[in-house]
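Participant: Dropping in run_16.tsv, which is TSV, C-alpha atoms and all ligand atoms:
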chain	number	residue	atom	x	y	z
A	1	MET	CA	136.85	142.34	60.27
A	2	ARG	CA	137.49	138.67	60.76
A	3	LYS	CA	136.95	136.52	57.78
A	4	LYS	CA	134.93	133.74	59.34
A	5	GLY	CA	132.99	135.99	61.65
A	6	TYR	CA	131.94	135.55	65.24
A	7	SER	CA	130.50	132.62	67.15
A	8	SER	CA	126.99	132.40	68.52
A	9	ALA	CA	128.50	132.29	72.03
A	10	TYR	CA	130.15	135.65	71.35
A	11	TYR	CA	126.87	137.19	70.12
A	12	GLU	CA	124.85	135.68	72.94
A	13	LYS	CA	127.12	137.04	75.64
A	14	ALA	CA	127.73	140.42	74.01
A	15	LEU	CA	124.05	141.08	73.27
A	16	ALA	CA	123.08	140.15	76.83
A	17	GLU	CA	125.65	142.66	78.07
A	18	GLY	CA	124.24	145.38	75.83
A	19	ASP	CA	127.40	145.55	73.72
A	20	ARG	CA	126.53	148.02	70.96
A	21	VAL	CA	129.39	147.08	68.69
A	22	ALA	CA	128.21	143.48	68.77
A	23	LEU	CA	124.65	144.58	68.09
A	24	ALA	CA	125.74	146.59	65.04
A	25	ARG	CA	127.82	143.63	63.92
A	26	ALA	CA	124.90	141.23	64.30
A	27	ILE	CA	122.65	143.44	62.21
A	28	THR	CA	125.28	143.79	59.49
A	29	ALA	CA	125.72	140.03	59.44
A	30	ILE	CA	122.01	139.54	58.85
A	31	GLU	CA	121.65	142.44	56.43
A	32	SER	CA	124.50	141.27	54.23
A	33	ASN	CA	123.84	137.59	54.90
A	34	ARG	CA	127.45	137.18	55.94
A	35	GLY	CA	128.85	133.87	57.11
A	36	ASP	CA	128.29	134.52	60.78
A	37	ALA	CA	124.59	135.25	60.24
A	38	THR	CA	124.27	131.63	61.40
A	39	SER	CA	125.79	132.59	64.75
A	40	VAL	CA	123.38	135.49	65.06
A	41	PHE	CA	120.36	133.30	64.31
A	42	ARG	CA	121.45	130.91	67.03
A	43	ALA	CA	122.35	133.61	69.53
A	44	ILE	CA	119.00	135.42	69.38
A	45	ASN	CA	116.87	132.32	69.13
A	46	GLY	CA	114.20	132.46	71.83
A	47	LYS	CA	115.54	135.68	73.41
A	48	GLN	CA	112.72	137.90	72.15
A	49	THR	CA	110.35	139.28	74.74
A	50	GLY	CA	107.89	140.97	72.39
A	51	ALA	CA	109.10	144.51	71.90
A	52	GLN	CA	106.46	147.05	70.91
A	53	VAL	CA	106.97	147.91	67.24
A	54	ILE	CA	106.05	151.36	65.97
A	55	GLY	CA	106.07	152.37	62.31
A	56	ILE	CA	106.59	156.03	61.47
A	57	THR	CA	105.82	156.99	57.91
A	58	GLY	CA	105.05	160.05	55.79
A	59	ALA	CA	106.35	162.07	52.86
A	60	PRO	CA	110.02	163.07	52.70
A	61	GLY	CA	110.59	166.33	54.54
A	62	ALA	CA	107.56	165.94	56.84
A	63	GLY	CA	109.98	165.77	59.73
A	64	LYS	CA	109.92	162.04	60.50
A	65	SER	CA	113.55	161.75	61.55
A	66	THR	CA	113.30	164.82	63.74
A	67	LEU	CA	110.07	163.47	65.22
A	68	VAL	CA	111.63	160.09	65.93
A	69	SER	CA	114.44	161.82	67.78
A	70	SER	CA	112.02	163.78	69.98
A	71	TYR	CA	109.85	160.72	70.53
A	72	VAL	CA	112.91	158.74	71.58
A	73	ALA	CA	113.71	161.47	74.11
A	74	GLU	CA	110.18	161.12	75.54
A	75	LEU	CA	110.50	157.33	75.74
A	76	ARG	CA	113.85	157.65	77.49
A	77	LYS	CA	112.21	159.89	80.08
A	78	ARG	CA	109.84	156.99	80.66
A	79	GLY	CA	112.77	154.68	81.21
A	80	LEU	CA	112.28	152.60	78.07
A	81	LYS	CA	115.03	151.19	75.89
A	82	VAL	CA	114.58	152.08	72.26
A	83	GLY	CA	115.83	150.70	68.96
A	84	VAL	CA	115.38	152.77	65.81
A	85	ILE	CA	115.48	151.40	62.27
A	86	ALA	CA	115.63	154.12	59.61
A	87	ILE	CA	114.82	152.77	56.18
A	88	ASP	CA	116.68	154.93	53.76
A	89	PRO	CA	115.00	155.31	50.40
A	90	SER	CA	117.97	156.88	48.70
A	91	SER	CA	120.50	154.95	46.72
A	92	PRO	CA	122.83	152.98	48.97
A	93	PHE	CA	125.63	154.84	47.24
A	94	SER	CA	124.53	158.39	47.97
A	95	GLY	CA	124.34	157.94	51.72
A	96	GLY	CA	123.11	161.52	52.07
A	97	ALA	CA	119.93	160.90	53.97
A	98	ILE	CA	121.58	158.29	56.16
A	99	LEU	CA	124.11	160.86	57.24
A	100	GLY	CA	121.28	163.33	57.90
A	101	ASP	CA	119.51	160.79	60.10
A	102	ARG	CA	122.70	160.10	62.00
A	103	ILE	CA	123.22	163.76	62.69
A	104	ARG	CA	119.66	164.26	63.88
A	105	MET	CA	119.84	161.23	66.11
A	106	SER	CA	123.28	162.13	67.40
A	107	GLU	CA	121.78	163.70	70.54
A	108	HIS	CA	121.15	160.10	71.61
A	109	GLY	CA	124.56	158.91	70.50
A	110	ALA	CA	125.97	158.62	74.00
A	111	ASP	CA	122.84	157.04	75.44
A	112	ASP	CA	123.16	153.31	76.08
A	113	GLY	CA	119.39	152.93	76.03
A	114	VAL	CA	119.11	153.97	72.38
A	115	PHE	CA	120.32	152.12	69.34
A	116	VAL	CA	119.90	153.62	65.87
A	117	ARG	CA	120.44	151.78	62.65
A	118	SER	CA	119.92	152.87	59.04
A	119	LEU	CA	119.05	150.21	56.50
A	120	ALA	CA	119.44	151.00	52.82
A	121	SER	CA	116.33	150.31	50.83
A	122	ARG	CA	116.98	148.37	47.70
A	123	GLY	CA	114.22	149.46	45.41
A	124	HIS	CA	110.89	147.74	45.39
A	125	LEU	CA	111.86	144.12	45.10
A	126	GLY	CA	111.93	141.96	48.21
A	127	GLY	CA	114.77	141.71	50.67
A	128	LEU	CA	114.18	144.93	52.44
A	129	SER	CA	111.16	144.06	54.50
A	130	LYS	CA	112.57	140.67	55.32
A	131	ALA	CA	115.78	142.24	56.62
A	132	THR	CA	113.68	144.78	58.52
A	133	ALA	CA	111.66	142.10	60.29
A	134	HIS	CA	114.88	140.40	61.19
A	135	VAL	CA	116.46	143.53	62.58
A	136	VAL	CA	113.33	144.05	64.71
A	137	ASP	CA	113.92	140.55	65.99
A	138	ILE	CA	117.55	141.24	66.85
A	139	LEU	CA	116.74	144.51	68.61
A	140	ASP	CA	113.99	142.76	70.55
A	141	ALA	CA	116.39	139.99	71.58
A	142	ALA	CA	118.96	142.63	72.58
A	143	GLY	CA	116.51	143.96	75.16
A	144	MET	CA	114.83	146.91	73.46
A	145	ASP	CA	111.36	147.67	74.84
A	146	ILE	CA	110.34	149.69	71.80
A	147	VAL	CA	111.44	149.38	68.20
A	148	ILE	CA	110.70	152.29	65.88
A	149	ILE	CA	110.81	151.88	62.11
A	150	GLU	CA	111.06	155.11	60.12
A	151	THR	CA	110.17	154.79	56.47
A	152	VAL	CA	108.95	156.90	53.57
A	153	GLY	CA	105.26	156.75	52.85
A	154	THR	CA	104.99	155.66	49.27
A	155	GLY	CA	104.03	152.48	47.54
A	156	GLN	CA	103.47	148.86	48.32
A	157	SER	CA	106.72	148.14	50.15
A	158	GLU	CA	105.57	150.74	52.61
A	159	VAL	CA	102.37	148.94	53.44
A	160	GLU	CA	104.36	145.72	53.67
A	161	ILE	CA	106.71	147.17	56.25
A	162	MET	CA	103.77	148.53	58.17
A	163	GLU	CA	102.33	145.02	58.43
A	164	ILE	CA	104.99	144.25	60.96
A	165	ALA	CA	104.31	147.26	63.18
A	166	ASP	CA	101.89	147.24	66.11
A	167	THR	CA	101.12	150.93	65.75
A	168	VAL	CA	101.48	153.01	62.60
A	169	VAL	CA	102.00	156.77	62.89
A	170	VAL	CA	101.59	158.80	59.70
A	171	VAL	CA	103.41	162.12	59.77
A	172	SER	CA	102.22	165.06	57.76
A	173	ALA	CA	103.20	168.72	57.74
A	174	PRO	CA	101.70	171.93	56.40
A	175	GLY	CA	102.82	173.02	52.97
A	176	LEU	CA	103.78	169.61	51.64
A	177	GLY	CA	100.42	168.73	50.15
A	178	ASP	CA	100.91	165.27	51.58
A	179	GLU	CA	97.40	164.97	52.86
A	180	ILE	CA	96.48	164.42	49.22
A	181	GLN	CA	99.45	162.16	48.60
A	182	ALA	CA	98.60	160.24	51.70
A	183	VAL	CA	95.05	159.59	50.56
A	184	LYS	CA	96.30	158.54	47.14
A	185	ALA	CA	98.82	156.09	48.47
A	186	GLY	CA	96.26	154.56	50.79
A	187	ILE	CA	98.46	155.58	53.65
A	188	LEU	CA	95.56	156.93	55.65
A	189	GLU	CA	94.03	153.48	55.82
A	190	ILE	CA	97.04	152.11	57.61
A	191	ALA	CA	97.34	155.04	60.04
A	192	ASP	CA	96.56	154.38	63.69
A	193	ILE	CA	97.66	157.87	64.63
A	194	MET	CA	98.03	160.95	62.46
A	195	VAL	CA	100.57	163.63	63.27
A	196	VAL	CA	100.58	167.15	61.94
A	197	ASN	CA	104.19	168.06	62.50
A	198	LYS	CA	105.69	171.54	62.12
A	199	ALA	CA	102.82	172.99	64.13
A	200	ASP	CA	104.94	176.15	64.38
A	201	MET	CA	104.46	176.76	60.66
A	202	PRO	CA	101.64	178.65	58.91
A	203	HIS	CA	98.56	176.78	57.64
A	204	VAL	CA	98.82	174.09	60.28
A	205	ASP	CA	95.10	174.34	61.01
A	206	SER	CA	94.03	173.86	57.42
A	207	THR	CA	96.26	170.80	57.18
A	208	TYR	CA	94.69	169.55	60.39
A	209	ARG	CA	91.16	170.03	59.04
A	210	GLN	CA	91.94	168.35	55.73
A	211	LEU	CA	93.26	165.32	57.55
A	212	LYS	CA	90.27	165.25	59.86
A	213	ASP	CA	87.96	165.21	56.83
A	214	ALA	CA	90.01	162.53	55.13
A	215	ILE	CA	89.82	160.34	58.23
A	216	SER	CA	86.06	160.85	58.56
A	217	PHE	CA	85.66	159.54	55.01
A	218	GLY	CA	87.87	156.58	55.75
A	219	PRO	CA	86.76	153.15	56.98
A	220	ALA	CA	84.97	153.11	60.32
A	221	ARG	CA	87.03	151.43	63.01
A	222	ALA	CA	86.66	150.76	66.70
A	223	TRP	CA	89.81	152.80	67.31
A	224	LYS	CA	89.16	156.43	66.37
A	225	VAL	CA	92.32	157.66	64.63
A	226	PRO	CA	93.47	160.72	66.57
A	227	ILE	CA	95.37	163.66	65.09
A	228	VAL	CA	98.19	165.18	67.14
A	229	LYS	CA	100.05	168.40	66.49
A	230	THR	CA	103.76	168.34	67.17
A	231	ILE	CA	106.77	170.58	66.85
A	232	SER	CA	109.56	168.07	66.51
A	233	THR	CA	112.33	170.65	66.58
A	234	THR	CA	111.35	171.72	70.11
A	235	GLY	CA	109.83	168.46	71.41
A	236	THR	CA	106.36	169.96	71.76
A	237	GLY	CA	103.43	167.53	71.81
A	238	PHE	CA	105.45	164.43	72.52
A	239	GLU	CA	103.91	163.54	75.84
A	240	GLU	CA	100.56	163.44	74.10
A	241	LEU	CA	101.94	161.48	71.16
A	242	ALA	CA	103.62	158.92	73.42
A	243	ASP	CA	100.41	158.57	75.47
A	244	LEU	CA	98.35	158.03	72.34
A	245	ILE	CA	100.74	155.43	70.95
A	246	ASP	CA	100.52	153.70	74.30
A	247	ALA	CA	96.73	153.94	74.34
A	248	HIS	CA	96.55	152.46	70.86
A	249	PHE	CA	98.85	149.65	71.88
A	250	GLN	CA	96.55	148.82	74.80
A	251	THR	CA	93.61	148.42	72.42
A	252	ILE	CA	95.35	145.90	70.20
A	253	ASP	CA	93.96	142.56	71.09
A	254	GLU	CA	96.16	139.60	71.63
A	255	ALA	CA	95.14	137.96	68.35
A	256	VAL	CA	96.12	140.96	66.23
A	257	ARG	CA	99.42	141.31	68.04
A	258	GLU	CA	100.10	137.64	67.52
A	259	ASN	CA	99.27	138.14	63.87
A	260	ALA	CA	101.91	140.87	63.55
A	261	ALA	CA	104.37	138.61	65.31
A	262	VAL	CA	103.52	135.78	62.91
A	263	THR	CA	103.99	138.11	59.92
A	264	ARG	CA	107.39	139.13	61.25
A	265	MET	CA	108.35	135.55	61.93
A	266	ARG	CA	107.25	134.46	58.47
A	267	LYS	CA	109.69	136.96	56.98
A	268	VAL	CA	112.39	135.94	59.41
A	269	ILE	CA	111.93	132.27	58.55
A	270	THR	CA	112.22	133.04	54.84
A	271	THR	CA	115.51	134.88	55.35
A	272	THR	CA	116.80	132.21	57.69
A	273	ALA	CA	115.85	129.41	55.29
A	274	THR	CA	117.54	131.22	52.39
A	275	HIS	CA	120.63	131.68	54.50
A	276	PHE	CA	120.86	128.05	55.56
A	277	LEU	CA	120.05	126.66	52.14
A	278	LYS	CA	122.90	128.69	50.63
A	279	LEU	CA	125.21	127.50	53.36
A	280	TRP	CA	124.14	123.88	53.07
A	281	LEU	CA	124.47	123.90	49.29
A	282	LYS	CA	128.19	124.42	49.82
A	283	SER	CA	128.39	121.09	51.61
A	284	VAL	CA	126.92	119.11	48.73
A	285	SER	CA	129.84	117.18	47.25
A	286	GLN	CA	131.47	118.41	44.07
A	287	GLU	CA	130.97	115.03	42.40
A	288	GLN	CA	127.24	115.15	43.04
A	289	VAL	CA	126.97	118.67	41.64
A	290	ASN	CA	129.14	117.75	38.67
A	291	GLU	CA	126.94	114.78	37.95
A	292	LEU	CA	123.79	116.94	38.09
A	293	SER	CA	125.43	119.53	35.83
A	294	ALA	CA	126.34	116.90	33.26
A	295	GLN	CA	122.79	115.56	33.27
A	296	VAL	CA	121.35	119.03	32.69
A	297	LEU	CA	123.84	119.70	29.89
A	298	ARG	CA	122.94	116.37	28.23
A	299	GLY	CA	119.30	117.33	28.47
A	300	ASP	CA	118.50	114.36	30.72
A	301	LEU	CA	117.37	116.60	33.52
A	302	GLY	CA	115.59	119.96	33.65
A	303	LEU	CA	117.24	122.82	35.49
A	304	GLU	CA	114.45	123.11	38.02
A	305	GLN	CA	114.56	119.38	38.67
A	306	ALA	CA	118.33	119.48	39.15
A	307	SER	CA	117.98	122.42	41.52
A	308	ARG	CA	115.40	120.57	43.53
A	309	ILE	CA	117.69	117.56	43.84
A	310	ALA	CA	120.59	119.81	44.86
A	311	ALA	CA	118.41	121.55	47.44
A	312	ASN	CA	117.29	118.19	48.86
A	313	LEU	CA	120.88	116.99	49.06
A	314	ALA	CA	121.81	120.24	50.77
A	315	VAL	CA	119.11	119.85	53.40
A	316	GLU	CA	120.07	116.21	53.99
A	317	THR	CA	123.78	116.77	54.41
A	318	GLY	CA	123.91	120.43	55.37
A	319	GLU	CA	123.01	120.48	59.04
A	320	LEU	CA	125.68	117.95	59.96
A	321	ASN	CA	128.38	119.87	58.16
A	322	THR	CA	127.32	123.23	59.61
A	323	LYS	CA	127.65	121.80	63.10
A	324	LYS	CA	131.13	120.60	62.30
A	325	GLN	CA	132.14	123.98	60.87
A	326	LYS	CA	134.46	125.77	63.21
A	327	VAL	CA	133.30	129.30	63.86
A	328	GLU	CA	135.83	131.24	65.86
A	329	SER	CA	134.87	133.62	68.62
B	401	LIG	N1	109.72	174.37	61.63
B	401	LIG	C1	109.84	173.06	61.83
B	401	LIG	N2	110.72	172.36	61.12
B	401	LIG	C2	110.81	171.03	61.35
B	401	LIG	C3	110.02	170.36	62.32
B	401	LIG	N3	110.32	169.06	62.30
B	401	LIG	C4	111.27	168.90	61.37
B	401	LIG	N4	111.58	170.08	60.79
B	401	LIG	C5	112.56	170.32	59.73
B	401	LIG	O1	112.09	169.73	58.52
B	401	LIG	C6	113.21	169.25	57.76
B	401	LIG	C7	113.01	167.79	57.38
B	401	LIG	O2	113.07	167.02	58.56
B	401	LIG	P1	113.39	165.47	58.57
B	401	LIG	O3	113.25	165.03	59.98
B	401	LIG	O4	114.66	165.18	57.87
B	401	LIG	O5	112.20	164.92	57.68
B	401	LIG	P2	111.98	163.44	57.06
B	401	LIG	O6	112.46	163.49	55.65
B	401	LIG	O7	110.51	163.24	57.12
B	401	LIG	O8	112.74	162.47	57.91
B	401	LIG	C8	114.44	169.51	58.58
B	401	LIG	O9	115.04	170.69	58.16
B	401	LIG	C9	113.89	169.67	59.99
B	401	LIG	O10	114.69	170.47	60.82
B	401	LIG	C10	109.09	171.17	63.07
B	401	LIG	O11	108.35	170.68	63.93
B	401	LIG	N5	109.05	172.51	62.79
B	402	MG	MG	114.12	160.93	57.56
Would you give me this structure, written as structure tokens?
Ligand SMILES: Nc1nc2c(ncn2[C@@H]2O[C@H](COP(=O)(O)OP(=O)(O)O)[C@@H](O)[C@H]2O)c(=O)[nH]1
Ligand SMILES: [Mg+2]

Facilitator:
Amino acid sequence: MRKKGYSSAYYEKALAEGDRVALARAITAIESNRGDATSVFRAINGKQTGAQVIGITGAPGAGKSTLVSSYVAELRKRGLKVGVIAIDPSSPFSGGAILGDRIRMSEHGADDGVFVRSLASRGHLGGLSKATAHVVDILDAAGMDIVIIETVGTGQSEVEIMEIADTVVVVSAPGLGDEIQAVKAGILEIADIMVVNKADMPHVDSTYRQLKDAISFGPARAWKVPIVKTISTTGTGFEELADLIDAHFQTIDEAVRENAAVTRMRKVITTTATHFLKLWLKSVSQEQVNELSAQVLRGDLGLEQASRIAANLAVETGELNTKKQKVES
């Protein structure tokens, strides 16, 4: 990998051409906030056309990854280009589940209309959802019609990620007891569509009924949350699922969709601002930073005050210097 990274001209051209290596590179740059994240920000700026964002969530083992793969196959039949973001809850060091996802998605590996990316989740604190929103943005700019986010249905970060999706699909399966888990975690409230996967397994009807009851006790909404049975391993039920997701999307009014877009953009702006501030701080002169440091050490200036001054200096001088910076292509 080149040290200084790639230029925005490189990313702009490569993404327009559907270059998958460049797309992977762009996502890595953003995810790791590498130097050429700047180039990516500039390359994708204004290229988004409003991809439909679908969140797929549910307990581990419910069959989400398998379901995503079958759903992608259905979308491909419909001629749509699909980006998949798999949020991996396991430690970034184990890599086990990421590998599993890759294998399951490998049937689409040779398909130019599908792009799959795993993102490591980094516990509960920040970062993750911001990076996710940004990756949605990149995939959108790279021409994907649909972006699917697969994530595990537990906790607050979950709900946060779902804020950025247009349609949320909650996947359940018989024998996992997740209908109870789902109710506990408040997951049902965010579901637009419920799936009972593994419909080839015993007790599928009791799972179905439990979910139906749970939904009927939930908040009344204009959109009646449907329950679909699927067999992800054979692709059964996916026409219906795709139709329902589509139908739900049609009911979302413009204001709500704009709201989701604003939520995504808010996260994107935060990451972008953090990126640029870090970059610009480097262009504040050593003497100025030394002077601030000395003042803090003497007790003449508080740390927060000094940081604010440094940040202001960075913003003042940063943009000019970034423009001057040579980024090779
Ligand atoms: N019998 C059956 N097994 C399934 C179905 N969908 C997924 N599985 C299996 O369930 C296991 C967990 O699937 P996976 O997609 O990794 O679940 P995830 O953890 O929710 O992403 C795998 O062994 C799948 O092959 C299904 O519809 N029927
Ligand atoms: Mg999975």

Participant: Pick the closest to ligand MG 402 (chain B) from A:Ile85, A:Leu75, A:Ile146, A:Ala260: which is it, counting all atoms listed in the file?

Facilitator: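 Nearest to ligand MG 402 (chain B): A:Ile85.
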
Participant: Fewer than 5 positions away in the same chain doesn't count, so skip those; otherwise give me all residues within 9 Å of segment 70-73 of chain A, counting all atoms listed in the file, as number ranges by chain.

Facilitator: A: 65, 78, 80-84, 108, 114, 148, 232-236, 238-239, 241-242

Participant: Please return as number ranges by chain the residues found within 8 Å of ligand LIG 401 (chain B), counting all atoms listed in the file.

Facilitator: A: 57-68, 97, 100-101, 104, 150, 152, 171, 197-201, 230-235

Participant: Just to be explicit: take each residue in the selection above, keep C-alpha atoms, and write the result as a PDB file, in the frame of the given file.

Facilitator:
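As written to disk, out_1.pdb reads:
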ATOM      1  CA  THR A  57     105.820 156.990  57.910  1.00  0.00           C
ATOM      2  CA  GLY A  58     105.050 160.050  55.790  1.00  0.00           C
ATOM      3  CA  ALA A  59     106.350 162.070  52.860  1.00  0.00           C
ATOM      4  CA  PRO A  60     110.020 163.070  52.700  1.00  0.00           C
ATOM      5  CA  GLY A  61     110.590 166.330  54.540  1.00  0.00           C
ATOM      6  CA  ALA A  62     107.560 165.940  56.840  1.00  0.00           C
ATOM      7  CA  GLY A  63     109.980 165.770  59.730  1.00  0.00           C
ATOM      8  CA  LYS A  64     109.920 162.040  60.500  1.00  0.00           C
ATOM      9  CA  SER A  65     113.550 161.750  61.550  1.00  0.00           C
ATOM     10  CA  THR A  66     113.300 164.820  63.740  1.00  0.00           C
ATOM     11  CA  LEU A  67     110.070 163.470  65.220  1.00  0.00           C
ATOM     12  CA  VAL A  68     111.630 160.090  65.930  1.00  0.00           C
ATOM     13  CA  ALA A  97     119.930 160.900  53.970  1.00  0.00           C
ATOM     14  CA  GLY A 100     121.280 163.330  57.900  1.00  0.00           C
ATOM     15  CA  ASP A 101     119.510 160.790  60.100  1.00  0.00           C
ATOM     16  CA  ARG A 104     119.660 164.260  63.880  1.00  0.00           C
ATOM     17  CA  GLU A 150     111.060 155.110  60.120  1.00  0.00           C
ATOM     18  CA  VAL A 152     108.950 156.900  53.570  1.00  0.00           C
ATOM     19  CA  VAL A 171     103.410 162.120  59.770  1.00  0.00           C
ATOM     20  CA  ASN A 197     104.190 168.060  62.500  1.00  0.00           C
ATOM     21  CA  LYS A 198     105.690 171.540  62.120  1.00  0.00           C
ATOM     22  CA  ALA A 199     102.820 172.990  64.130  1.00  0.00           C
ATOM     23  CA  ASP A 200     104.940 176.150  64.380  1.00  0.00           C
ATOM     24  CA  MET A 201     104.460 176.760  60.660  1.00  0.00           C
ATOM     25  CA  THR A 230     103.760 168.340  67.170  1.00  0.00           C
ATOM     26  CA  ILE A 231     106.770 170.580  66.850  1.00  0.00           C
ATOM     27  CA  SER A 232     109.560 168.070  66.510  1.00  0.00           C
ATOM     28  CA  THR A 233     112.330 170.650  66.580  1.00  0.00           C
ATOM     29  CA  THR A 234     111.350 171.720  70.110  1.00  0.00           C
ATOM     30  CA  GLY A 235     109.830 168.460  71.410  1.00  0.00           C
TER      31      GLY A 235
END

Participant: Name all residues at most 8 Å from segment 128-145 of chain A (count all atoms listed in the file; drop same-chain ones fewer than 2 positions away) and give them as a PDB file with C-alpha atoms, in the coordinates of the input.

Facilitator:
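Okay, out.pdb is ready:
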ATOM      1  CA  LEU A  15     124.050 141.080  73.270  1.00  0.00           C
ATOM      2  CA  ALA A  16     123.080 140.150  76.830  1.00  0.00           C
ATOM      3  CA  GLY A  18     124.240 145.380  75.830  1.00  0.00           C
ATOM      4  CA  LEU A  23     124.650 144.580  68.090  1.00  0.00           C
ATOM      5  CA  ALA A  26     124.900 141.230  64.300  1.00  0.00           C
ATOM      6  CA  ILE A  27     122.650 143.440  62.210  1.00  0.00           C
ATOM      7  CA  ILE A  30     122.010 139.540  58.850  1.00  0.00           C
ATOM      8  CA  GLU A  31     121.650 142.440  56.430  1.00  0.00           C
ATOM      9  CA  ILE A  44     119.000 135.420  69.380  1.00  0.00           C
ATOM     10  CA  GLY A  46     114.200 132.460  71.830  1.00  0.00           C
ATOM     11  CA  LYS A  47     115.540 135.680  73.410  1.00  0.00           C
ATOM     12  CA  GLN A  48     112.720 137.900  72.150  1.00  0.00           C
ATOM     13  CA  THR A  49     110.350 139.280  74.740  1.00  0.00           C
ATOM     14  CA  GLY A  50     107.890 140.970  72.390  1.00  0.00           C
ATOM     15  CA  ALA A  51     109.100 144.510  71.900  1.00  0.00           C
ATOM     16  CA  GLN A  52     106.460 147.050  70.910  1.00  0.00           C
ATOM     17  CA  VAL A  53     106.970 147.910  67.240  1.00  0.00           C
ATOM     18  CA  LEU A  80     112.280 152.600  78.070  1.00  0.00           C
ATOM     19  CA  LYS A  81     115.030 151.190  75.890  1.00  0.00           C
ATOM     20  CA  VAL A  82     114.580 152.080  72.260  1.00  0.00           C
ATOM     21  CA  GLY A  83     115.830 150.700  68.960  1.00  0.00           C
ATOM     22  CA  ILE A  85     115.480 151.400  62.270  1.00  0.00           C
ATOM     23  CA  GLY A 113     119.390 152.930  76.030  1.00  0.00           C
ATOM     24  CA  LEU A 119     119.050 150.210  56.500  1.00  0.00           C
ATOM     25  CA  SER A 121     116.330 150.310  50.830  1.00  0.00           C
ATOM     26  CA  ARG A 122     116.980 148.370  47.700  1.00  0.00           C
ATOM     27  CA  LEU A 125     111.860 144.120  45.100  1.00  0.00           C
ATOM     28  CA  GLY A 126     111.930 141.960  48.210  1.00  0.00           C
ATOM     29  CA  VAL A 147     111.440 149.380  68.200  1.00  0.00           C
ATOM     30  CA  SER A 157     106.720 148.140  50.150  1.00  0.00           C
ATOM     31  CA  GLU A 160     104.360 145.720  53.670  1.00  0.00           C
ATOM     32  CA  ILE A 161     106.710 147.170  56.250  1.00  0.00           C
ATOM     33  CA  ILE A 164     104.990 144.250  60.960  1.00  0.00           C
ATOM     34  CA  ARG A 264     107.390 139.130  61.250  1.00  0.00           C
ATOM     35  CA  MET A 265     108.350 135.550  61.930  1.00  0.00           C
ATOM     36  CA  LYS A 267     109.690 136.960  56.980  1.00  0.00           C
ATOM     37  CA  VAL A 268     112.390 135.940  59.410  1.00  0.00           C
ATOM     38  CA  THR A 270     112.220 133.040  54.840  1.00  0.00           C
ATOM     39  CA  THR A 271     115.510 134.880  55.350  1.00  0.00           C
TER      40      THR A 271
END

Participant: Could you pull the residues within 7 Å of segment 193-195 of chain A, counting only C-alpha atoms, minus those fewer than 3 positions along the same chain, as a ChimeraX atom specification?

Facilitator: /A:168-172,225-230

Participant: Excluding Val40 of chain A and any residue of its chain fewer than 3 positions from it, enumerate the residues within 7 Å of it, using only C-alpha atoms, and give them as a count of residues only.

Facilitator: 7

Participant: Would you mind telling me which residue in A:Ala165, A:Asp192, A:Val284, A:Ala214 lies nearest to Thr263 of chain A when using only C-alpha atoms?

Facilitator: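 Looking only at the distances to Thr263 of chain A, the closest residue turns out to be A:Ala165.
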
Participant: Would you list the contacts of segment 301-315 of chain A as a ChimeraX atom specification, taking every protein, DNA or RNA residue within 6 Å and counting all atoms listed in the file, but skipping same-chain residues closer than 2 positions in sequence?

Facilitator: /A:280-281,284,295-296,299,317-318

Participant: Quick one: distance from atom CA of Ile215 of chain A to atom CA of Ala173 of chain A in Å, one decimal?

Facilitator: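 We find that atom CA of Ile215 of chain A and atom CA of Ala173 of chain A lie 15.8 Å from each other.
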
Participant: Pick from A:Tyr6, A:Phe115, A:Phe41, A:Phe249: nearest to Ala24 of chain A, with all atoms listed in the file counted?

Facilitator: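 Looking only at the distances to Ala24 of chain A, the closest residue turns out to be A:Phe115.
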
Participant: Give the answer as one residue: which of A:Asp205, A:Glu163, A:Glu12, A:Asp253 has the shortest atom-to-atom distance to Asn45 of chain A, using all atoms listed in the file?

Facilitator: A:Glu12

Participant: Between A:Gly35, A:Ala261, A:Ile269, A:Ile56, which one has atoms that come closest to ligand MG 402 (chain B), using all atoms listed in the file?

Facilitator: A:Ile56

Participant: Which of these, A:Ala22, A:Ala9, A:Ile149, A:Ile252, has the shortest distance to ligand MG 402 (chain B) once you count all atoms listed in the file?

Facilitator: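 Answer, going by the shortest atom-to-atom distance: A:Ile149.
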
Participant: What is the distance between atom CA of Ser39 of chain A and atom CA of Glu17 of chain A, in Å to one decimal?

Facilitator: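 If I compute the distance from atom CA of Ser39 of chain A to atom CA of Glu17 of chain A, I get 16.7 Å.
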
Participant: Can you work out the spacing between atom CA of Asp166 of chain A and atom CA of Ile54 of chain A in Å, to one decimal?

Facilitator: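 According to the coordinates, atom CA of Asp166 of chain A and atom CA of Ile54 of chain A are separated by 5.9 Å.
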
Participant: Please return segment 298-302 of chain A, rebuilt to N, CA and C atoms, as a JSON list (two decimals), keeping the file's coordinate frame.

Facilitator:
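Here's the written file out.json:
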[["chain", "number", "residue", "atom", "x", "y", "z"],
["A", 298, "ARG", "N", 123.34, 117.40, 29.20],
["A", 298, "ARG", "CA", 122.94, 116.37, 28.23],
["A", 298, "ARG", "C", 121.46, 116.45, 27.89],
["A", 299, "GLY", "N", 120.74, 117.23, 28.70],
["A", 299, "GLY", "CA", 119.30, 117.33, 28.47],
["A", 299, "GLY", "C", 118.52, 116.21, 29.13],
["A", 300, "ASP", "N", 119.18, 115.45, 30.02],
["A", 300, "ASP", "CA", 118.50, 114.36, 30.72],
["A", 300, "ASP", "C", 117.68, 114.86, 31.90],
["A", 301, "LEU", "N", 117.99, 116.05, 32.31],
["A", 301, "LEU", "CA", 117.37, 116.60, 33.52],
["A", 301, "LEU", "C", 117.08, 118.09, 33.30],
["A", 302, "GLY", "N", 115.91, 118.52, 33.74],
["A", 302, "GLY", "CA", 115.59, 119.96, 33.65],
["A", 302, "GLY", "C", 116.34, 120.72, 34.73]]
